[in-house]
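Chemist: Structure below; questions to follow.
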Amino acid sequence: MSESSLPTPGERFVNGVLPENPVFRQLLGLCPVLAVTATLASALTMSFAVAVVLLGANVVVSLIRGWLRPHLRIVVFTLTIAGFVTLVDKTMAAFLYPMSKELGPYLPLIIVNCIIICRCEVCASKQGVGAAAADALGQSLGFTLALCAIASVRELLGAGTLLGFQVMPAAWPEWVVMILPPGAFFTFGLLMALLSVIQLHREHRRVV
Amino acid sequence: MKSLILHVWHQSGLLLATGFFFGLTLGVAQVWLEPRIQANRLSETLDRIPDLVPGAVSGRASGREFEALDAEGLVCGTVTRAGGGGFGGPIELLLGWKGQELTGVYILAQNETPGLGTRITDPDWLKSFAGCQRGTACVLNEDVDGWTGATISSKAVVDAVNTALIPEVGHE
């Protein structure tokens with residue numbers, strides 16, 4: 001496929017946010033989506049870490065794409081991603097120590113987050129730096145939106161707070177199940193259903 | 001031979017180059033960031049000392065232990081580390097001592113189930129350990145209540161404390 005037939009940087013960015021949202025449309029990288037969305041603060045930090053790694057990996061892979069050997073490309077992607085993840089992990093432990101402790105093993109686990117290797121394969125190894133960077137930013141924004149949507153619902157219903165501030169009335173019976181792993185699956189499933197209903201509704205209106 | 005070397009370079013040159021580049025970058029980052037990470041860990045421990053030993057206002061590292069200092073700068077107790085295996089991984093604790101008496105417990109690191117096992121970090125529950133004496137084991141559900149839904153996590157903390165209370169025997 002020639003580079004001209006691939007999406008432009010602008011299209012890459014827009015696609016990543018909603019039409020090809022990594023969480024709700026591609027169902028990729030669900031481990032952090034389910035594991036770190038008990039509070040909005042940890043979801044935001046995780047999104048930021050993923051954005052830095054995705055941008056770094058996409059730009060580097062795009063720069064070296066001319067020298068990639070097809071059978072060794074996955075090894076090079078993994079090496080690049082692991083390098084950036086370790087840098088982010090160490091930097092967080094040095095400058096954002098409490099959050100680094102809260103996210104625990106999920107920071108190093110970004111290495112195996114398939115969103116990043118998928119974007120290296122789909123976009124960065126085939127297109128220029130501009131498109132790769134726009135793709136990384138769009139996908140990161142989509143990932144952040146998805147994580148924040150799930151985390152807001154879970155923190156609000158499970159602890160009655162948002163970013164640690166009390167939002168629900170004091171009489172709110174905290175739904176502990178929402179902070180537990182099942183709460184992540186409930187919220188994720190219901191939000192997916194809601195998005196599908198909205199999409200069906202819009203398609204129906206377009207036909208009518 | 002020359003063609004073999006060229007072939008290997010042609011195939012794996014990029015891998016070697018990226019490996020070298022990231023190895024160098026991570027080495028530099030490690031040298032630059034590690035002292036700061038160690039300082040963060042130490043300051044977290046030192047910040048806890050006033051809560052662990054009554055009368056202490058600050059602390060300092062002393063070998064593998066920490067000394068609690070009162071307002072006049074005199075040693076008024078010690079803080080030691082302890083550890084055990086919880087439900088989700090290792091649990092690290094800080095224990096405050098005044099002579100032979102345990103004065104406070106703090107969970108430095110844990111990876112327990114959110115909402116259930118994480119109740120072991122509840123400050124009021126940890127206060128119930130205060131008053132245990134060295135040489136006498138602390139009994140779960142007698143001296144200290146266990147958490148419903150977090151039996152393994154509660155037991156892990158009690159076992160870790162007992163290992164420190166009776167160093168020769170260890171926990172049962």
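The way I read the labels, and the way they are meant: chains A, B, ... in the order of the structure tokens, residue 1 as the first residue of every chain, and ligand 1 as the first ligand shown, with later ones counted on from there.
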Quick one: everything within 7 Å of Phe129 (chain B), counting only C-alpha atoms, minus sequence neighbours fewer than 3 positions away in the same chain. Send it as a ChimeraX atom specification.
Modeler: /B:104-105,126,132,144
Chemist: Keeping only N, CA and C atoms, write those residues as a compact mmCIF listing (two decimals), in the first residue's frame.
Modeler:
```
# COMPACT_ATOMS: atom_id res chain seq x y z
N GLY B 104 3.31 1.55 67.29
CA GLY B 104 2.56 1.90 66.09
C GLY B 104 2.93 1.03 64.91
N VAL B 105 2.00 0.88 63.97
CA VAL B 105 2.22 0.08 62.76
C VAL B 105 1.77 0.91 61.56
N LEU B 126 -4.91 -0.25 62.58
CA LEU B 126 -3.48 -0.40 62.87
C LEU B 126 -3.15 0.06 64.29
N CYS B 132 1.32 -4.04 72.21
CA CYS B 132 1.87 -5.40 72.21
C CYS B 132 3.29 -5.36 72.77
N VAL B 144 -6.36 -8.37 68.30
CA VAL B 144 -6.63 -7.52 67.14
C VAL B 144 -7.77 -8.16 66.34
```
Chemist: Residues of chain A were defined as contacting chain B if any atom lay at most 7 Å from it, counting only C-alpha atoms; please report them as a tab-separated table (two decimals) with N, CA and C atoms, in the first residue's frame.
Modeler:
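The result, written out as part_24.tsv:
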```tsv
chain	number	residue	atom	x	y	z
A	67	TRP	N	14.52	1.23	7.75
A	67	TRP	CA	15.50	0.16	8.02
A	67	TRP	C	14.87	-1.08	8.65
A	69	ARG	N	13.35	-4.56	9.26
A	69	ARG	CA	13.26	-5.84	8.55
A	69	ARG	C	11.93	-6.47	8.97
A	76	VAL	N	11.92	-4.95	17.40
A	76	VAL	CA	12.32	-3.54	17.47
A	76	VAL	C	11.22	-2.72	18.14
A	79	LEU	N	11.33	-3.42	21.89
A	79	LEU	CA	12.51	-2.79	22.49
A	79	LEU	C	12.27	-1.29	22.67
A	83	GLY	N	11.87	0.57	26.29
A	83	GLY	CA	12.77	1.67	26.64
A	83	GLY	C	11.99	2.86	27.16
A	87	LEU	N	11.72	4.43	31.10
A	87	LEU	CA	12.02	5.85	31.35
A	87	LEU	C	10.87	6.51	32.11
A	90	LYS	N	10.61	5.19	35.78
A	90	LYS	CA	11.65	5.76	36.67
A	90	LYS	C	11.35	7.23	36.95
A	91	THR	N	10.93	7.97	35.91
A	91	THR	CA	10.67	9.39	36.10
A	91	THR	C	9.51	9.60	37.07
A	93	ALA	N	8.59	7.50	39.47
A	93	ALA	CA	9.03	7.13	40.81
A	93	ALA	C	9.86	8.25	41.43
A	94	ALA	N	10.55	9.03	40.58
A	94	ALA	CA	11.40	10.12	41.10
A	94	ALA	C	10.59	11.38	41.37
A	97	TYR	N	6.11	10.30	43.22
A	97	TYR	CA	6.26	9.05	43.96
A	97	TYR	C	4.94	8.45	44.47
A	176	VAL	N	-19.37	-0.31	47.20
A	176	VAL	CA	-18.00	-0.81	47.20
A	176	VAL	C	-17.70	-1.66	45.96
A	179	ILE	N	-15.71	-0.13	43.12
A	179	ILE	CA	-14.25	0.04	43.19
A	179	ILE	C	-13.57	-1.32	42.99
A	180	LEU	N	-14.31	-2.39	43.23
A	180	LEU	CA	-13.75	-3.73	43.05
A	180	LEU	C	-13.72	-4.09	41.57
```
Chemist: Which distance in Å separates CA of Trp172 (chain A) and CA of Gly117 (chain B), to one decimal?
Modeler: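 We find that CA of Trp172 (chain A) and CA of Gly117 (chain B) lie 22.4 Å from each other.
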Chemist: Rank A:Ile64, A:Ile198, A:Ile115, A:Val52 by their smallest atom-to-atom distance to Met92 (chain A), using only C-alpha atoms, and report the top residue only.
Modeler: A:Val52
Chemist: Could you give me, as number ranges by chain, each residue of region 14-141 of chain B that DSSP assigns to helix (DSSP H, G or I) when run on this structure's backbone?
Modeler: B: 14-52, 117-121, 123-127
Chemist: Tell me which protein, DNA and RNA residues are within 12 Å of Asp47 (chain B), counting only C-alpha atoms, leaving out same-chain ones fewer than 2 positions away, and put them as a list in words.
Modeler: Ala39, Asn40, Arg41, Leu42, Ser43, Glu44, Thr45, Ile49, Pro50, Asp51, Leu52, Val53, Ala56, Val57, Ser58, Gly59, Arg60, Ala61, Phe66, Ala68, Val79, Leu94, Tyr106 and Leu108 of chain B
Chemist: Residues as selected, C-alpha atoms, written as a tab-separated table (two decimals), in the first residue's frame, can you do that?
Modeler:
```tsv
chain	number	residue	atom	x	y	z
B	39	ALA	CA	15.40	9.80	48.80
B	40	ASN	CA	11.62	9.54	48.18
B	41	ARG	CA	11.55	6.12	49.86
B	42	LEU	CA	13.58	7.34	52.83
B	43	SER	CA	11.52	10.50	53.31
B	44	GLU	CA	8.29	8.48	53.24
B	45	THR	CA	9.64	6.39	56.12
B	49	ILE	CA	8.02	8.28	62.44
B	50	PRO	CA	6.04	10.91	64.46
B	51	ASP	CA	2.87	8.79	63.98
B	52	LEU	CA	4.60	5.57	64.99
B	53	VAL	CA	6.40	6.60	68.17
B	56	ALA	CA	8.69	11.80	68.34
B	57	VAL	CA	8.89	14.81	66.02
B	58	SER	CA	11.50	13.60	63.54
B	59	GLY	CA	13.73	10.66	62.79
B	60	ARG	CA	17.00	9.58	61.24
B	61	ALA	CA	18.31	6.44	59.61
B	66	PHE	CA	15.45	4.28	62.19
B	68	ALA	CA	12.82	8.44	66.50
B	79	VAL	CA	11.30	2.23	63.95
B	94	LEU	CA	6.99	-0.03	59.57
B	106	TYR	CA	2.15	1.59	59.26
B	108	LEU	CA	4.51	1.06	53.69
```
Chemist: At what distance in Å, to one decimal, does CA of Gln133 (chain B) lie from CA of Ser154 (chain B)?
Modeler: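 So the two atoms, CA of Ser154 (chain B) and CA of Gln133 (chain B), lie 19.2 Å apart.
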Chemist: Write down as a VMD selection string the residues belonging to chain B that are assigned strand (DSSP E) by DSSP computed on the backbone.
Modeler: chain B and resid 58 to 62 65 to 69 75 to 85 90 to 98 101 to 109
Chemist: Would you put the residues from that selection into a file with C-alpha atoms, as a PDB file, in the first residue's frame?
Modeler:
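What follows is the written file again_23.pdb:
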```pdb
ATOM      1  CA  SER B  58      11.497  13.596  63.545  1.00  0.00           C
ATOM      2  CA  GLY B  59      13.732  10.664  62.789  1.00  0.00           C
ATOM      3  CA  ARG B  60      17.005   9.584  61.240  1.00  0.00           C
ATOM      4  CA  ALA B  61      18.312   6.439  59.613  1.00  0.00           C
ATOM      5  CA  SER B  62      20.589   4.339  61.768  1.00  0.00           C
ATOM      6  CA  GLU B  65      16.689   0.757  61.645  1.00  0.00           C
ATOM      7  CA  PHE B  66      15.455   4.281  62.188  1.00  0.00           C
ATOM      8  CA  GLU B  67      15.751   6.302  65.371  1.00  0.00           C
ATOM      9  CA  ALA B  68      12.819   8.438  66.503  1.00  0.00           C
ATOM     10  CA  LEU B  69      13.857  11.827  67.909  1.00  0.00           C
ATOM     11  CA  VAL B  75      16.307   9.302  70.847  1.00  0.00           C
ATOM     12  CA  CYS B  76      12.861   8.343  72.190  1.00  0.00           C
ATOM     13  CA  GLY B  77      12.222   5.123  70.277  1.00  0.00           C
ATOM     14  CA  THR B  78      13.053   3.112  67.184  1.00  0.00           C
ATOM     15  CA  VAL B  79      11.301   2.229  63.945  1.00  0.00           C
ATOM     16  CA  THR B  80      11.987  -1.084  62.212  1.00  0.00           C
ATOM     17  CA  ARG B  81      10.851  -2.627  58.943  1.00  0.00           C
ATOM     18  CA  ALA B  82       8.903  -5.865  58.724  1.00  0.00           C
ATOM     19  CA  GLY B  83       7.353  -7.771  55.883  1.00  0.00           C
ATOM     20  CA  GLY B  84       5.042 -10.622  55.020  1.00  0.00           C
ATOM     21  CA  GLY B  85       3.160 -12.220  52.176  1.00  0.00           C
ATOM     22  CA  PRO B  90       4.375  -8.763  49.589  1.00  0.00           C
ATOM     23  CA  ILE B  91       3.282  -6.393  52.374  1.00  0.00           C
ATOM     24  CA  GLU B  92       5.898  -4.042  53.851  1.00  0.00           C
ATOM     25  CA  LEU B  93       5.365  -2.590  57.309  1.00  0.00           C
ATOM     26  CA  LEU B  94       6.992  -0.027  59.574  1.00  0.00           C
ATOM     27  CA  LEU B  95       6.863  -0.764  63.293  1.00  0.00           C
ATOM     28  CA  GLY B  96       7.378   1.859  65.998  1.00  0.00           C
ATOM     29  CA  TRP B  97       8.946   0.769  69.314  1.00  0.00           C
ATOM     30  CA  LYS B  98       9.422   2.344  72.706  1.00  0.00           C
ATOM     31  CA  GLU B 101       6.544  -2.030  73.580  1.00  0.00           C
ATOM     32  CA  LEU B 102       5.105  -1.785  70.074  1.00  0.00           C
ATOM     33  CA  THR B 103       3.728   1.744  69.695  1.00  0.00           C
ATOM     34  CA  GLY B 104       2.557   1.901  66.090  1.00  0.00           C
ATOM     35  CA  VAL B 105       2.222   0.081  62.764  1.00  0.00           C
ATOM     36  CA  TYR B 106       2.146   1.590  59.261  1.00  0.00           C
ATOM     37  CA  ILE B 107       1.698  -0.203  55.926  1.00  0.00           C
ATOM     38  CA  LEU B 108       4.507   1.060  53.693  1.00  0.00           C
ATOM     39  CA  ALA B 109       3.629  -1.037  50.646  1.00  0.00           C
TER      40      ALA B 109
END
```
Chemist: Using only C-alpha atoms, pick whichever of A:Ala38, A:Arg205, A:Ile110, A:Pro22 has the shortest atom-to-atom distance to Gly160 (chain A).
Modeler: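 Once distances to Gly160 (chain A) are computed over only C-alpha atoms, the minimum belongs to A:Ala38.
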Chemist: Rounded to one decimal place, report the CA of Pro123 (chain B)-CA of Phe87 (chain B) distance in Å.
Modeler: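 Atom-to-atom, CA of Pro123 (chain B) to CA of Phe87 (chain B), that is 19.6 Å.
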Chemist: Please identify all polymer residues within 8 Å of Glu112 (chain B), counting only C-alpha atoms, omitting same-chain residues fewer than 6 positions from it, and present them as a ChimeraX atom specification.
Modeler: /B:86-89,118,153
Chemist: The selected residues should be written to file as an mmCIF file, in the first residue's frame (atoms: C-alpha atoms).
Modeler:
```cif
data_model
loop_
_atom_site.group_PDB
_atom_site.id
_atom_site.type_symbol
_atom_site.label_atom_id
_atom_site.label_comp_id
_atom_site.auth_asym_id
_atom_site.auth_seq_id
_atom_site.Cartn_x
_atom_site.Cartn_y
_atom_site.Cartn_z
ATOM 1 C CA GLY B 86 -0.376 -10.931 51.669
ATOM 2 C CA PHE B 87 -3.144 -11.994 49.297
ATOM 3 C CA GLY B 88 -1.893 -9.906 46.378
ATOM 4 C CA GLY B 89 1.858 -9.886 46.990
ATOM 5 C CA THR B 118 -6.772 -2.579 51.443
ATOM 6 C CA SER B 153 -4.528 -9.836 54.411
#
```
Chemist: Write out as a PyMOL selection string each polymer residue whose atoms come within 6 Å of Arg134 (chain B), counting only C-alpha atoms; drop sequence neighbours fewer than 2 positions from it.
Modeler: chain B and resi 100+136+165
Chemist: Identify which of the residues A:Leu63, A:Ile74, A:Leu163, A:Leu44 lies closest to Glu121 (chain A), counting only C-alpha atoms when measuring atom-to-atom distances.
Modeler: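 For Glu121 (chain A), the nearest of the given residues is A:Ile74.
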Chemist: Using only C-alpha atoms, which residues sit within 6 Å of region 128-140 of chain A once same-chain residues fewer than 6 positions away are excluded, as a list in words?
Modeler: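 Residues near the query, excluding close chain neighbours: Pro9, Arg12, Phe13, Gly16, Val17, Ala51, Leu54, Leu55, Asn58, Val59 and Ser62 of chain A.
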Chemist: Pull N, CA and C atoms from the residues just selected and write them as a tab-separated table (two decimals), in the first residue's frame.
Modeler:
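This went into out22.tsv:
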```
chain	number	residue	atom	x	y	z
A	9	PRO	N	-2.46	12.91	8.40
A	9	PRO	CA	-2.27	13.14	9.84
A	9	PRO	C	-3.55	13.60	10.53
A	12	ARG	N	-5.88	10.69	10.93
A	12	ARG	CA	-5.34	9.80	11.97
A	12	ARG	C	-5.73	10.31	13.36
A	13	PHE	N	-5.58	11.64	13.56
A	13	PHE	CA	-5.87	12.23	14.87
A	13	PHE	C	-7.35	12.06	15.20
A	16	GLY	N	-8.60	8.48	15.96
A	16	GLY	CA	-8.20	7.91	17.25
A	16	GLY	C	-9.12	8.30	18.38
A	17	VAL	N	-9.73	9.47	18.29
A	17	VAL	CA	-10.52	9.97	19.42
A	17	VAL	C	-11.81	9.16	19.58
A	51	ALA	N	0.24	8.05	26.96
A	51	ALA	CA	0.39	9.04	25.89
A	51	ALA	C	1.87	9.30	25.61
A	54	LEU	N	3.34	6.19	23.90
A	54	LEU	CA	2.80	6.02	22.55
A	54	LEU	C	3.42	7.04	21.59
A	55	LEU	N	3.51	8.28	22.05
A	55	LEU	CA	4.10	9.32	21.21
A	55	LEU	C	5.57	9.00	20.92
A	58	ASN	N	5.85	5.82	18.64
A	58	ASN	CA	5.40	6.07	17.28
A	58	ASN	C	6.40	6.92	16.50
A	59	VAL	N	6.94	7.96	17.14
A	59	VAL	CA	7.88	8.85	16.46
A	59	VAL	C	9.17	8.09	16.13
A	62	SER	N	8.58	5.52	13.41
A	62	SER	CA	8.39	6.18	12.12
A	62	SER	C	9.73	6.63	11.53
```
Chemist: For each of B:Val8, B:Val158, B:Met1, B:Val31, take the minimum atom-to-atom distance to Glu142 (chain B), counting only C-alpha atoms, then give the residue where this is smallest.
Modeler: B:Val158
Chemist: Which residues come within 12 Å of Pro169 (chain A), counting only C-alpha atoms, excluding same-chain residues fewer than 2 positions away, as a compact mmCIF listing (two decimals) with C-alpha atoms, in the first residue's frame?
Modeler:
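The resulting file, out-v9.txt, is reproduced below:
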```txt
# COMPACT_ATOMS: atom_id res chain seq x y z
CA LEU A 156 -18.50 8.62 41.97
CA LEU A 157 -20.65 5.59 42.76
CA ALA A 159 -16.54 6.33 46.90
CA GLY A 160 -18.85 9.34 46.38
CA THR A 161 -15.88 11.48 45.31
CA PHE A 165 -13.32 15.75 46.42
CA GLN A 166 -16.64 14.77 48.01
CA VAL A 167 -19.37 15.11 45.35
CA ALA A 171 -25.74 9.95 53.12
CA TRP A 172 -24.67 8.23 49.85
CA PRO A 173 -24.24 4.49 50.53
CA GLU A 174 -20.88 3.83 48.85
```
